[in-house]
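What follows is work-v8.cif (mmCIF, C-alpha atoms, pLDDT in the B column; chains and numbers go by the auth columns).
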data_upload
#
loop_
_atom_site.group_PDB
_atom_site.id
_atom_site.type_symbol
_atom_site.label_atom_id
_atom_site.label_comp_id
_atom_site.label_asym_id
_atom_site.label_seq_id
_atom_site.Cartn_x
_atom_site.Cartn_y
_atom_site.Cartn_z
_atom_site.B_iso_or_equiv
_atom_site.auth_seq_id
_atom_site.auth_asym_id
ATOM 1 C CA ARG A 1 3.315 -11.294 -45.206 84.00 30 U
ATOM 2 C CA GLY A 2 -0.453 -10.882 -45.614 79.00 31 U
ATOM 3 C CA LYS A 3 -2.084 -13.873 -47.263 81.00 32 U
ATOM 4 C CA TYR A 4 1.187 -15.806 -46.897 87.00 33 U
ATOM 5 C CA GLY A 5 1.210 -15.681 -43.088 88.00 34 U
ATOM 6 C CA SER A 6 3.643 -14.032 -40.713 90.00 35 U
ATOM 7 C CA ILE A 7 7.216 -14.050 -39.449 92.00 36 U
ATOM 8 C CA LEU A 8 8.452 -12.991 -36.021 89.00 37 U
ATOM 9 C CA CYS A 9 12.127 -12.706 -35.127 91.00 38 U
ATOM 10 C CA GLU A 10 13.108 -12.246 -31.478 87.00 39 U
ATOM 11 C CA PRO A 11 16.376 -12.390 -29.548 87.00 40 U
ATOM 12 C CA VAL A 12 16.943 -15.583 -27.577 83.00 41 U
ATOM 13 C CA PRO A 13 17.346 -14.805 -23.864 74.00 42 U
ATOM 14 C CA HIS A 14 20.838 -15.812 -22.753 67.00 43 U
ATOM 15 C CA HIS A 15 19.508 -18.182 -20.081 61.00 44 U
ATOM 16 C CA HIS A 16 17.499 -20.128 -22.737 61.00 45 U
ATOM 17 C CA GLN A 17 20.136 -20.549 -25.425 57.00 46 U
ATOM 18 C CA GLN A 18 20.908 -24.185 -24.606 60.00 47 U
ATOM 19 C CA SER A 19 17.323 -25.342 -23.995 62.00 48 U
ATOM 20 C CA LEU A 20 15.673 -24.294 -27.271 69.00 49 U
ATOM 21 C CA ALA A 21 15.186 -26.676 -30.157 69.00 50 U
ATOM 22 C CA PRO A 22 13.501 -26.217 -33.528 67.00 51 U
ATOM 23 C CA VAL A 23 9.765 -27.035 -33.523 75.00 52 U
ATOM 24 C CA SER A 24 7.123 -27.533 -36.153 77.00 53 U
ATOM 25 C CA SER A 25 3.357 -28.021 -35.894 78.00 54 U
ATOM 26 C CA ILE A 26 0.331 -28.018 -38.179 77.00 55 U
ATOM 27 C CA THR A 27 -3.157 -26.918 -37.087 74.00 56 U
ATOM 28 C CA ASN A 28 -6.212 -26.426 -39.308 72.00 57 U
ATOM 29 C CA GLY A 29 -4.059 -26.348 -42.433 75.00 58 U
ATOM 30 C CA SER A 30 -1.656 -23.726 -41.076 80.00 59 U
ATOM 31 C CA SER A 31 1.897 -24.542 -40.040 87.00 60 U
ATOM 32 C CA VAL A 32 4.062 -22.929 -37.372 87.00 61 U
ATOM 33 C CA THR A 33 7.805 -23.416 -37.192 88.00 62 U
ATOM 34 C CA ARG A 34 10.448 -22.147 -34.819 86.00 63 U
ATOM 35 C CA GLU A 35 14.110 -22.250 -35.656 88.00 64 U
ATOM 36 C CA ILE A 36 17.296 -20.716 -34.315 87.00 65 U
ATOM 37 C CA LEU A 37 18.885 -18.059 -36.505 87.00 66 U
ATOM 38 C CA ARG A 38 22.473 -16.961 -35.810 87.00 67 U
ATOM 39 C CA LEU A 39 23.248 -13.407 -36.875 88.00 68 U
ATOM 40 C CA ASN A 40 26.307 -11.368 -35.856 89.00 69 U
ATOM 41 C CA GLN A 41 27.243 -13.776 -33.042 85.00 70 U
ATOM 42 C CA ARG A 42 23.723 -13.559 -31.583 86.00 71 U
ATOM 43 C CA ASP A 43 20.961 -16.188 -31.568 87.00 72 U
ATOM 44 C CA TYR A 44 17.414 -15.301 -32.583 89.00 73 U
ATOM 45 C CA LEU A 45 14.194 -17.288 -32.679 88.00 74 U
ATOM 46 C CA LEU A 46 12.600 -17.169 -36.096 90.00 75 U
ATOM 47 C CA TRP A 47 8.886 -18.012 -35.928 89.00 76 U
ATOM 48 C CA THR A 48 7.121 -18.620 -39.244 91.00 77 U
ATOM 49 C CA CYS A 49 3.365 -19.140 -39.522 90.00 78 U
ATOM 50 C CA THR A 50 1.446 -19.721 -42.729 89.00 79 U
ATOM 51 C CA ALA A 51 -1.963 -18.096 -43.073 85.00 80 U
ATOM 52 C CA TRP A 52 -5.008 -20.243 -42.348 81.00 81 U
ATOM 53 C CA PRO A 53 -6.629 -21.380 -45.567 79.00 82 U
ATOM 54 C CA ILE A 54 -9.896 -19.522 -46.074 81.00 83 U
ATOM 55 C CA GLU A 55 -12.115 -19.060 -49.081 84.00 84 U
ATOM 56 C CA GLU A 56 -12.577 -15.505 -50.289 83.00 85 U
ATOM 57 C CA ASP A 57 -16.383 -15.747 -49.995 88.00 86 U
ATOM 58 C CA GLN A 58 -15.957 -16.475 -46.248 86.00 87 U
ATOM 59 C CA ILE A 59 -14.315 -13.090 -45.634 82.00 88 U
ATOM 60 C CA ILE A 60 -16.877 -10.603 -44.326 83.00 89 U
ATOM 61 C CA ASP A 61 -14.819 -7.585 -43.243 81.00 90 U
ATOM 62 C CA THR A 62 -11.065 -7.134 -42.808 80.00 91 U
ATOM 63 C CA THR A 63 -11.268 -3.723 -41.121 83.00 92 U
ATOM 64 C CA GLY A 64 -8.937 -3.729 -38.126 81.00 93 U
ATOM 65 C CA SER A 65 -7.694 -7.267 -38.717 80.00 94 U
ATOM 66 C CA GLY A 66 -4.047 -6.185 -38.882 82.00 95 U
ATOM 67 C CA ASP A 67 -4.403 -4.148 -35.686 87.00 96 U
ATOM 68 C CA ALA A 68 -6.091 -7.067 -33.935 86.00 97 U
ATOM 69 C CA PHE A 69 -3.345 -9.441 -35.094 83.00 98 U
ATOM 70 C CA ILE A 70 -0.526 -7.195 -33.870 86.00 99 U
ATOM 71 C CA GLY A 71 -2.365 -6.613 -30.586 89.00 100 U
ATOM 72 C CA ALA A 72 -2.648 -10.379 -30.044 87.00 101 U
ATOM 73 C CA VAL A 73 1.049 -10.899 -30.827 86.00 102 U
ATOM 74 C CA ILE A 74 2.100 -8.164 -28.402 87.00 103 U
ATOM 75 C CA TYR A 75 -0.194 -9.553 -25.691 89.00 104 U
ATOM 76 C CA ALA A 76 1.206 -13.070 -26.161 84.00 105 U
ATOM 77 C CA LEU A 77 4.794 -11.801 -25.914 82.00 106 U
ATOM 78 C CA VAL A 78 4.094 -9.772 -22.771 86.00 107 U
ATOM 79 C CA ALA A 79 1.925 -12.378 -21.019 88.00 108 U
ATOM 80 C CA ARG A 80 4.077 -15.461 -21.621 79.00 109 U
ATOM 81 C CA LYS A 81 6.166 -17.026 -18.903 75.00 110 U
ATOM 82 C CA ASP A 82 9.830 -17.387 -19.795 62.00 111 U
#
Hey, can you dump this file as structure tokens for me?
Amino acid sequence: RGKYGSILCEPVPHHHQQSLAPVSSITNGSSVTREILRLNQRDYLLWTCTAWPIEEDQIIDTTGSGDAFIGAVIYALVARKD
């Protein structure tokens, strides 16, 4: 979503289906929400994060920023404890 933030949709593990509740938080002007999405009889977690507000003159170089972002997301998914 670029300057609008990001969205991540992931299947809910069967053993967590009853324990998950929607969440919402705001940090440094950016908000993160998690909600349950039901699609074709399956539950998914829908994470939505708005982009951090930043002035254009504060941006120095965006080279590799998308790769770094995706790398961080993948690391967080792999390293988390279920």
Name every residue that the PyMOL selection byres ((chain U and resi 39) around 7) selects in this structure, writing the answer as a PDB file with C-alpha atoms, in the coordinates of the input with chains first and numbers rising.
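New file expr32.pdb:
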ATOM      1  CA  LEU U  37       8.452 -12.991 -36.021  1.00 89.00           C
ATOM      2  CA  CYS U  38      12.127 -12.706 -35.127  1.00 91.00           C
ATOM      3  CA  PRO U  40      16.376 -12.390 -29.548  1.00 87.00           C
ATOM      4  CA  VAL U  41      16.943 -15.583 -27.577  1.00 83.00           C
ATOM      5  CA  TYR U  73      17.414 -15.301 -32.583  1.00 89.00           C
ATOM      6  CA  LEU U  74      14.194 -17.288 -32.679  1.00 88.00           C
ATOM      7  CA  LEU U  75      12.600 -17.169 -36.096  1.00 90.00           C
TER       8      LEU U  75
END
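Coordinates place atom CA of U:Pro42 at a distance of 16.4 Å from atom CA of U:Ala105.
Taking atom CA of U:Gly34 and atom CA of U:Cys78 as endpoints, the distance between them is 5.4 Å.
Nearest residue to U:Pro82 among U:Ser53, U:Gln70, U:Ser59, U:Ser35 is U:Ser59, counting all atoms listed in the file.
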query = Between atom CA of U:Leu68 and atom CA of U:Ser54, what is the spacing in Å?
reply = 24.7 Å
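In this comparison, which uses all atoms listed in the file, the residue of U:Ala97, U:Thr92, U:Lys32, U:Val52 approaching U:Trp76 most closely is U:Val52.
When all atoms listed in the file are used to compute distances to U:Ile83, the closest of the residues U:Arg30, U:Lys110, U:Val102, U:Asn57 turns out to be U:Asn57.
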query = From the list U:Ile88, U:Ile36, U:Ala101, U:Ala80, which residue is nearest U:Arg63 when using all atoms listed in the file?
reply = U:Ile36
Just stretch 30-107 of chain U, please, as a CSV table (one decimal), in the first residue's frame (only C-alpha atoms).
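Below is the file that was written, part.csv:
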chain,number,residue,atom,x,y,z
U,30,ARG,CA,0.0,0.0,0.0
U,31,GLY,CA,3.1,2.3,-0.1
U,32,LYS,CA,2.5,5.6,1.6
U,33,TYR,CA,-0.8,4.3,3.0
U,34,GLY,CA,0.8,1.5,5.0
U,35,SER,CA,0.5,-2.3,4.7
U,36,ILE,CA,-1.9,-5.2,5.0
U,37,LEU,CA,-1.1,-8.8,6.0
U,38,CYS,CA,-3.6,-11.6,5.8
U,39,GLU,CA,-2.7,-14.9,7.4
U,40,PRO,CA,-4.6,-18.1,8.2
U,41,VAL,CA,-5.5,-18.5,11.9
U,42,PRO,CA,-4.0,-21.7,13.3
U,43,HIS,CA,-6.8,-24.1,14.3
U,44,HIS,CA,-5.6,-24.2,17.9
U,45,HIS,CA,-5.8,-20.4,18.3
U,46,GLN,CA,-9.3,-19.8,16.8
U,47,GLN,CA,-11.1,-19.3,20.1
U,48,SER,CA,-8.4,-17.3,21.8
U,49,LEU,CA,-7.9,-14.4,19.3
U,50,ALA,CA,-9.7,-11.1,19.6
U,51,PRO,CA,-9.6,-7.9,17.6
U,52,VAL,CA,-6.9,-5.5,18.7
U,53,SER,CA,-6.0,-1.9,17.9
U,54,SER,CA,-3.0,0.3,18.9
U,55,ILE,CA,-1.5,3.6,18.0
U,56,THR,CA,2.2,4.4,18.1
U,57,ASN,CA,4.0,7.5,16.8
U,58,GLY,CA,1.0,8.4,14.7
U,59,SER,CA,0.7,5.0,13.1
U,60,SER,CA,-2.1,2.6,13.9
U,61,VAL,CA,-2.1,-1.2,13.8
U,62,THR,CA,-5.3,-3.3,13.9
U,63,ARG,CA,-5.9,-7.0,13.9
U,64,GLU,CA,-9.3,-8.4,13.1
U,65,ILE,CA,-10.7,-11.8,12.2
U,66,LEU,CA,-11.8,-12.3,8.6
U,67,ARG,CA,-14.0,-15.3,7.7
U,68,LEU,CA,-13.6,-16.4,4.1
U,69,ASN,CA,-14.9,-19.7,2.6
U,70,GLN,CA,-15.4,-21.3,6.1
U,71,ARG,CA,-11.9,-20.4,7.1
U,72,ASP,CA,-10.7,-17.7,9.6
U,73,TYR,CA,-7.9,-15.3,8.7
U,74,LEU,CA,-6.1,-12.6,10.7
U,75,LEU,CA,-6.2,-9.3,8.8
U,76,TRP,CA,-3.4,-7.0,10.1
U,77,THR,CA,-3.6,-3.4,8.9
U,78,CYS,CA,-0.9,-0.8,9.6
U,79,THR,CA,-0.9,2.8,8.5
U,80,ALA,CA,2.4,4.3,7.4
U,81,TRP,CA,4.3,6.4,9.9
U,82,PRO,CA,3.8,10.1,9.2
U,83,ILE,CA,7.0,11.5,7.8
U,84,GLU,CA,7.8,14.7,6.0
U,85,GLU,CA,9.1,14.4,2.4
U,86,ASP,CA,12.2,16.5,3.3
U,87,GLN,CA,13.1,13.9,5.9
U,88,ILE,CA,13.4,11.1,3.3
U,89,ILE,CA,17.1,10.6,2.4
U,90,ASP,CA,17.1,7.4,0.3
U,91,THR,CA,14.4,4.8,-0.3
U,92,THR,CA,16.6,2.3,-2.1
U,93,GLY,CA,16.0,-1.2,-0.7
U,94,SER,CA,13.3,0.0,1.7
U,95,GLY,CA,10.7,-2.4,0.3
U,96,ASP,CA,13.1,-5.3,0.5
U,97,ALA,CA,14.0,-4.4,4.1
U,98,PHE,CA,10.4,-4.2,5.0
U,99,ILE,CA,9.5,-7.6,3.6
U,100,GLY,CA,12.6,-9.1,5.2
U,101,ALA,CA,11.5,-7.8,8.6
U,102,VAL,CA,8.0,-9.1,8.1
U,103,ILE,CA,9.2,-12.5,7.2
U,104,TYR,CA,11.6,-12.6,10.1
U,105,ALA,CA,8.9,-11.6,12.5
U,106,LEU,CA,6.6,-14.3,11.2
U,107,VAL,CA,9.3,-17.0,11.4
